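Peer 1: Please find one structure pasted underneath; my questions will follow.
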Amino acid sequence: MTLAAVLACGPLAFSAQARPAQAERPQARPAAAKAAPHAAPSQTRHARARRHNQYARAPRLPDRPQDFRPVASGGSFAVSTIFQGPPRAACLEATRRAEHIHGLPPGLLSAIALSESGMHAYAMNIGGRAVFPASPDAAAALLRAASRSRNVMAGCMQVNARLHARGETWPLDARLSADWAGGMLARWGQEHGWAEALRRWHGASAGATNRLVCRVRAKMEITHPGSALFSEHHCNTGREERTRRNGEAHFNSAQDETI
C-alpha cells in the first residue's frame, strides 16, 4: 500500500540513441573480426532496438505524475463521487472505466486497487493506521484533520495524498483516483512493459518486481479470470492462492453493491 516518492520524479525518459556509424569510429575493425562466428554488429543493434522499443510504439504520454493530476477542486469532492454508490462498488466501477479509457489490460487496475485498498474508495492509511470511513464526508474530514507530519495514503488507489494531492481531497474520489493511476500506468506499460509499470507504481527496487507481479496476478484471477498477463513469471502457487482468497470477499462485495 505504498506509493514512494519516486513517482514525483516520473518515469525516466527512454533513450533510444543509436551507436555511432562505422565510418565515424576512429579505427576500422580488423578484417579477421568480421569473420568471427558472432552476429554482425548491425544485427545485434537491431535486435536490441526491437527489444527496447516494443513498448514505445504508441505516442508518448505526459512524463510526470503531476501531469495527470485532476484540476484543483478547491479541496472539495467532485460531484461524481456522490453518485457512484457504495465505496467498493465505486472503486470497481472507476477502475473498470479507467482500464477502458487508458487501454490497460482488463482487470489490471482493479487488481491493483484490490491489493492496495481492498477496493474501497475511502480507504486511508494515516501514519501506518488503516481506516475505512463509510462516507466521503467522513473520509474528507479525516484527511484534512491528519497531521501534516504523517504520511497519508488515500482512496481506491492509495494515492500519497501529502505528495500528490497537495491539500486536495481528490484521491478520495474513485474516478479521479483511478484516472490518475490509469494514465501513469498506461504510459509506463506502453514504454517499459506491465511488470515494470507495477514496480514503478510501488516505487520498489528491481528485485521486488516478481513479488509484486505475483501478488497482482493472484488478484487478477478474481478481477479477470483467465488473463494471460504475467504468465511468464514464476510464482509460489500456495502464496498466490492465499492472496487470491484474501481479495475474493472484497471483490464479491463490490460486485454485489454495484447498482
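Ordering of the C-alpha cells sets the chain letters (A, B, ...), residue numbers begin anew at 1 in every chain, and ligands are numbered from 1 in the order given.
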Excluding Thr223 of chain A and its own-chain neighbours fewer than 4 positions away, which residues fall within 8 Å of it when counting only C-alpha atoms? Please give them as number ranges by chain.

Peer 2: A: 107-108, 110-111, 219, 251

Peer 1: For the residues selected in the previous step, produce a file with all heavy atoms as a compact mmCIF listing (two decimals), in the first residue's frame.

Peer 2:
# COMPACT_ATOMS: atom_id res chain seq x y z
N GLY A 107 -8.83 -5.86 -16.09
CA GLY A 107 -8.65 -6.41 -14.76
C GLY A 107 -7.41 -5.94 -14.03
O GLY A 107 -7.29 -6.14 -12.82
N LEU A 108 -6.47 -5.28 -14.74
CA LEU A 108 -5.20 -4.91 -14.10
C LEU A 108 -5.39 -3.84 -13.02
O LEU A 108 -4.94 -4.00 -11.88
CB LEU A 108 -4.21 -4.42 -15.15
CG LEU A 108 -2.87 -3.91 -14.59
CD1 LEU A 108 -2.14 -5.00 -13.81
CD2 LEU A 108 -1.98 -3.38 -15.73
N SER A 110 -8.11 -2.88 -11.55
CA SER A 110 -8.98 -3.41 -10.49
C SER A 110 -8.20 -4.30 -9.54
O SER A 110 -8.42 -4.27 -8.32
CB SER A 110 -10.15 -4.18 -11.10
OG SER A 110 -10.96 -3.35 -11.92
N ALA A 111 -7.29 -5.09 -10.08
CA ALA A 111 -6.47 -5.97 -9.24
C ALA A 111 -5.54 -5.16 -8.35
O ALA A 111 -5.32 -5.50 -7.18
CB ALA A 111 -5.67 -6.92 -10.12
N LYS A 219 -4.56 -11.46 -7.75
CA LYS A 219 -5.79 -10.67 -7.71
C LYS A 219 -6.48 -10.66 -9.07
O LYS A 219 -7.72 -10.59 -9.15
CB LYS A 219 -5.48 -9.23 -7.29
CG LYS A 219 -4.78 -9.09 -5.95
CD LYS A 219 -5.65 -9.50 -4.79
CE LYS A 219 -4.97 -9.16 -3.47
NZ LYS A 219 -5.75 -9.60 -2.29
N PHE A 251 -13.93 -8.25 -3.45
CA PHE A 251 -14.37 -8.13 -4.84
C PHE A 251 -15.84 -8.53 -4.97
O PHE A 251 -16.62 -7.85 -5.66
CB PHE A 251 -13.51 -9.00 -5.75
CG PHE A 251 -13.85 -8.86 -7.21
CD1 PHE A 251 -13.49 -7.73 -7.93
CD2 PHE A 251 -14.55 -9.87 -7.86
CE1 PHE A 251 -13.81 -7.60 -9.27
CE2 PHE A 251 -14.87 -9.74 -9.21
CZ PHE A 251 -14.50 -8.62 -9.92

Peer 1: Mind checking which residues fall within 7 Å of Met157 of chain A, counting only C-alpha atoms, ignoring those fewer than 4 positions away in the same chain, and posting them as an mmCIF file with N, CA, C and O atoms, in the first residue's frame?

Peer 2:
data_model
loop_
_atom_site.group_PDB
_atom_site.id
_atom_site.type_symbol
_atom_site.label_atom_id
_atom_site.label_comp_id
_atom_site.auth_asym_id
_atom_site.auth_seq_id
_atom_site.Cartn_x
_atom_site.Cartn_y
_atom_site.Cartn_z
ATOM 1 N N ALA A 113 -6.117 -2.079 -7.275
ATOM 2 C CA ALA A 113 -6.972 -1.472 -6.249
ATOM 3 C C ALA A 113 -7.354 -2.498 -5.184
ATOM 4 O O ALA A 113 -7.396 -2.184 -3.989
ATOM 5 N N GLU A 116 -4.314 -2.794 -3.073
ATOM 6 C CA GLU A 116 -3.936 -1.577 -2.351
ATOM 7 C C GLU A 116 -4.917 -1.221 -1.229
ATOM 8 O O GLU A 116 -4.512 -0.910 -0.112
ATOM 9 N N SER A 117 -6.209 -1.213 -1.540
ATOM 10 C CA SER A 117 -7.193 -0.673 -0.602
ATOM 11 C C SER A 117 -8.304 -1.646 -0.245
ATOM 12 O O SER A 117 -9.235 -1.263 0.473
ATOM 13 N N SER A 177 -9.170 9.300 -8.840
ATOM 14 C CA SER A 177 -8.032 8.497 -8.404
ATOM 15 C C SER A 177 -7.666 7.434 -9.436
ATOM 16 O O SER A 177 -6.491 7.237 -9.769
ATOM 17 N N ALA A 178 -8.676 6.754 -9.974
ATOM 18 C CA ALA A 178 -8.422 5.704 -10.961
ATOM 19 C C ALA A 178 -7.910 6.278 -12.279
ATOM 20 O O ALA A 178 -7.031 5.689 -12.923
#

Peer 1: Please identify the strand (DSSP E) residues within segment 67-254 of chain A (assignment by DSSP from backbone atoms) and present them as number ranges by chain.

Peer 2: A: 124-126, 129-131, 152-154, 159-160

Peer 1: Could you turn the residues from that selection into a file that holds all heavy atoms, as a tab-separated table (two decimals), in the first residue's frame?

Peer 2:
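Final file, out.tsv:
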chain	number	residue	atom	x	y	z
A	124	MET	N	-8.06	4.75	3.88
A	124	MET	CA	-6.89	5.57	4.14
A	124	MET	C	-5.93	4.85	5.07
A	124	MET	O	-6.35	4.04	5.91
A	124	MET	CB	-7.29	6.92	4.74
A	124	MET	CG	-7.87	7.89	3.74
A	124	MET	SD	-8.08	9.55	4.45
A	124	MET	CE	-9.45	9.26	5.54
A	125	ASN	N	-4.66	5.16	4.89
A	125	ASN	CA	-3.64	4.71	5.83
A	125	ASN	C	-2.98	5.98	6.35
A	125	ASN	O	-2.27	6.66	5.62
A	125	ASN	CB	-2.63	3.80	5.13
A	125	ASN	CG	-1.64	3.20	6.12
A	125	ASN	OD1	-0.90	3.91	6.77
A	125	ASN	ND2	-1.63	1.88	6.20
A	126	ILE	N	-3.23	6.29	7.60
A	126	ILE	CA	-2.74	7.53	8.20
A	126	ILE	C	-1.65	7.19	9.20
A	126	ILE	O	-1.92	6.65	10.28
A	126	ILE	CB	-3.87	8.31	8.89
A	126	ILE	CG1	-5.01	8.59	7.90
A	126	ILE	CG2	-3.34	9.61	9.49
A	126	ILE	CD1	-6.22	9.23	8.52
A	129	ARG	N	-1.81	3.57	10.18
A	129	ARG	CA	-3.08	3.05	10.71
A	129	ARG	C	-4.13	3.06	9.60
A	129	ARG	O	-4.44	4.10	9.02
A	129	ARG	CB	-3.56	3.90	11.88
A	129	ARG	CG	-4.86	3.42	12.52
A	129	ARG	CD	-5.18	4.23	13.77
A	129	ARG	NE	-5.46	5.62	13.45
A	129	ARG	CZ	-6.69	6.10	13.21
A	129	ARG	NH1	-7.73	5.28	13.24
A	129	ARG	NH2	-6.85	7.37	12.95
A	130	ALA	N	-4.69	1.87	9.31
A	130	ALA	CA	-5.68	1.75	8.25
A	130	ALA	C	-7.06	2.11	8.78
A	130	ALA	O	-7.47	1.65	9.86
A	130	ALA	CB	-5.70	0.33	7.70
A	131	VAL	N	-7.79	2.93	8.03
A	131	VAL	CA	-9.16	3.31	8.38
A	131	VAL	C	-10.02	3.22	7.13
A	131	VAL	O	-9.55	3.44	6.01
A	131	VAL	CB	-9.24	4.73	8.98
A	131	VAL	CG1	-8.58	4.78	10.34
A	131	VAL	CG2	-8.61	5.75	8.06
A	152	VAL	N	0.04	10.03	4.49
A	152	VAL	CA	-1.36	9.62	4.29
A	152	VAL	C	-1.52	9.03	2.89
A	152	VAL	O	-1.28	9.72	1.90
A	152	VAL	CB	-2.33	10.81	4.46
A	152	VAL	CG1	-3.77	10.35	4.24
A	152	VAL	CG2	-2.19	11.43	5.84
A	153	MET	N	-1.91	7.78	2.83
A	153	MET	CA	-2.25	7.12	1.58
A	153	MET	C	-3.77	7.06	1.52
A	153	MET	O	-4.42	6.61	2.48
A	153	MET	CB	-1.67	5.71	1.51
A	153	MET	CG	-0.20	5.63	1.90
A	153	MET	SD	0.88	6.64	0.89
A	153	MET	CE	0.80	5.74	-0.66
A	154	ALA	N	-4.36	7.53	0.43
A	154	ALA	CA	-5.81	7.73	0.43
A	154	ALA	C	-6.49	7.17	-0.81
A	154	ALA	O	-5.96	7.24	-1.92
A	154	ALA	CB	-6.12	9.22	0.55
A	159	VAL	N	-3.38	6.75	-3.17
A	159	VAL	CA	-2.52	7.85	-3.63
A	159	VAL	C	-1.85	8.49	-2.42
A	159	VAL	O	-2.48	8.66	-1.37
A	159	VAL	CB	-3.34	8.90	-4.39
A	159	VAL	CG1	-2.49	10.11	-4.77
A	159	VAL	CG2	-3.99	8.28	-5.62
A	160	ASN	N	-0.58	8.83	-2.55
A	160	ASN	CA	0.12	9.56	-1.49
A	160	ASN	C	-0.44	10.98	-1.46
A	160	ASN	O	-0.06	11.84	-2.25
A	160	ASN	CB	1.62	9.57	-1.76
A	160	ASN	CG	2.41	10.13	-0.59
A	160	ASN	OD1	1.96	11.03	0.10
A	160	ASN	ND2	3.60	9.59	-0.38

Peer 1: In Å, with one decimal, what is the gap from atom CA of Ala140 of chain A to atom CA of Ala94 of chain A?

Peer 2: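 Distance between the two atoms: 18.6 Å.
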
Peer 1: What separation in Å, quoted to one decimal, exists between atom CA of Arg162 of chain A and atom CA of Trp194 of chain A?

Peer 2: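 The value is 26.3 Å.
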
Peer 1: Excluding same-chain residues fewer than 4 positions from Gly127 of chain A, what lies within 10 Å of it counting only C-alpha atoms, as a list of chain:residue names?

Peer 2: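 Non-adjacent residues within range: A:Ala146, A:Ser147, A:Ser149, A:Arg150, A:Asn151, A:Val152, A:Met153.
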
Peer 1: Name the residues in contact with Asn252 of chain A at a cut-off of 10 Å, using only C-alpha atoms, excluding same-chain residues fewer than 5 positions from it; report them as a short mmCIF file (atom, residue, chain, number, x, y, z; two decimals) with C-alpha atoms, in the first residue's frame.

Peer 2:
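The result, stored in around.cif:
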data_model
loop_
_atom_site.label_atom_id
_atom_site.label_comp_id
_atom_site.auth_asym_id
_atom_site.auth_seq_id
_atom_site.Cartn_x
_atom_site.Cartn_y
_atom_site.Cartn_z
CA ARG A 88 -16.34 -0.70 -3.02
CA ALA A 89 -18.81 -0.52 -5.89
CA ILE A 222 -10.52 -12.61 -9.47
CA THR A 223 -10.86 -9.40 -11.48
CA GLY A 247 -9.22 -10.44 -2.05
CA GLU A 257 -23.05 -3.40 -4.27
CA THR A 258 -22.81 -2.32 -7.90
#

Peer 1: If you run DSSP on this backbone, which residues of segment 148-206 of chain A come out as alpha helix (DSSP H), and could you give them as an NGL selection string?

Peer 2: :A and (174-192 or 194-202)

Peer 1: Only C-alpha atoms, please: the residues just picked out, written as a CSV table (one decimal), in the first residue's frame.

Peer 2:
chain,number,residue,atom,x,y,z
A,174,ALA,CA,-12.8,6.9,-7.0
A,175,ARG,CA,-13.0,8.1,-10.6
A,176,LEU,CA,-10.3,10.8,-10.3
A,177,SER,CA,-8.0,8.5,-8.4
A,178,ALA,CA,-8.4,5.7,-11.0
A,179,ASP,CA,-8.0,8.1,-13.9
A,180,TRP,CA,-4.8,9.4,-12.3
A,181,ALA,CA,-3.4,6.0,-11.7
A,182,GLY,CA,-4.5,4.7,-15.1
A,183,GLY,CA,-2.8,7.4,-17.0
A,184,MET,CA,0.6,6.8,-15.4
A,185,LEU,CA,0.3,3.0,-15.7
A,186,ALA,CA,-0.6,3.3,-19.3
A,187,ARG,CA,2.5,5.4,-20.0
A,188,TRP,CA,4.8,3.1,-18.2
A,189,GLY,CA,3.2,-0.1,-19.5
A,190,GLN,CA,3.4,1.0,-23.2
A,191,GLU,CA,7.0,2.1,-23.0
A,192,HIS,CA,8.5,-0.4,-20.5
A,194,TRP,CA,3.5,-4.0,-17.4
A,195,ALA,CA,5.8,-5.6,-14.9
A,196,GLU,CA,8.0,-2.5,-14.9
A,197,ALA,CA,4.9,-0.4,-14.6
A,198,LEU,CA,3.9,-2.2,-11.4
A,199,ARG,CA,7.4,-1.8,-10.0
A,200,ARG,CA,7.3,2.0,-10.7
A,201,TRP,CA,3.8,2.3,-9.2
A,202,HIS,CA,5.1,0.9,-5.9

Peer 1: Can you tell me which residues surround segment 134-139 of chain A at a distance of at most 9 Å, considering only C-alpha atoms, apart from same-chain residues fewer than 4 positions away, and format the answer as a list in words?

Peer 2: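 What passes the distance filter is Phe77, Thr81, Ile82, Pro86, Pro87, Ala121, Tyr122, Ala123, Met124, Leu143, Arg144, Ala154, Gly155, Thr169, Leu172 and Asp173 of chain A.
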
Peer 1: Which residue gives the smallest distance to Pro106 of chain A among A:Arg217, A:Arg148, A:Gly167, A:Ala208, with only C-alpha atoms counted?

Peer 2: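 Of A:Arg217, A:Arg148, A:Gly167, A:Ala208, the one nearest Pro106 of chain A is A:Arg217, counting only C-alpha atoms.
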
Peer 1: Separation of atom CA of Ala165 of chain A and atom CA of Asn246 of chain A, in Å?

Peer 2: 29.3 Å
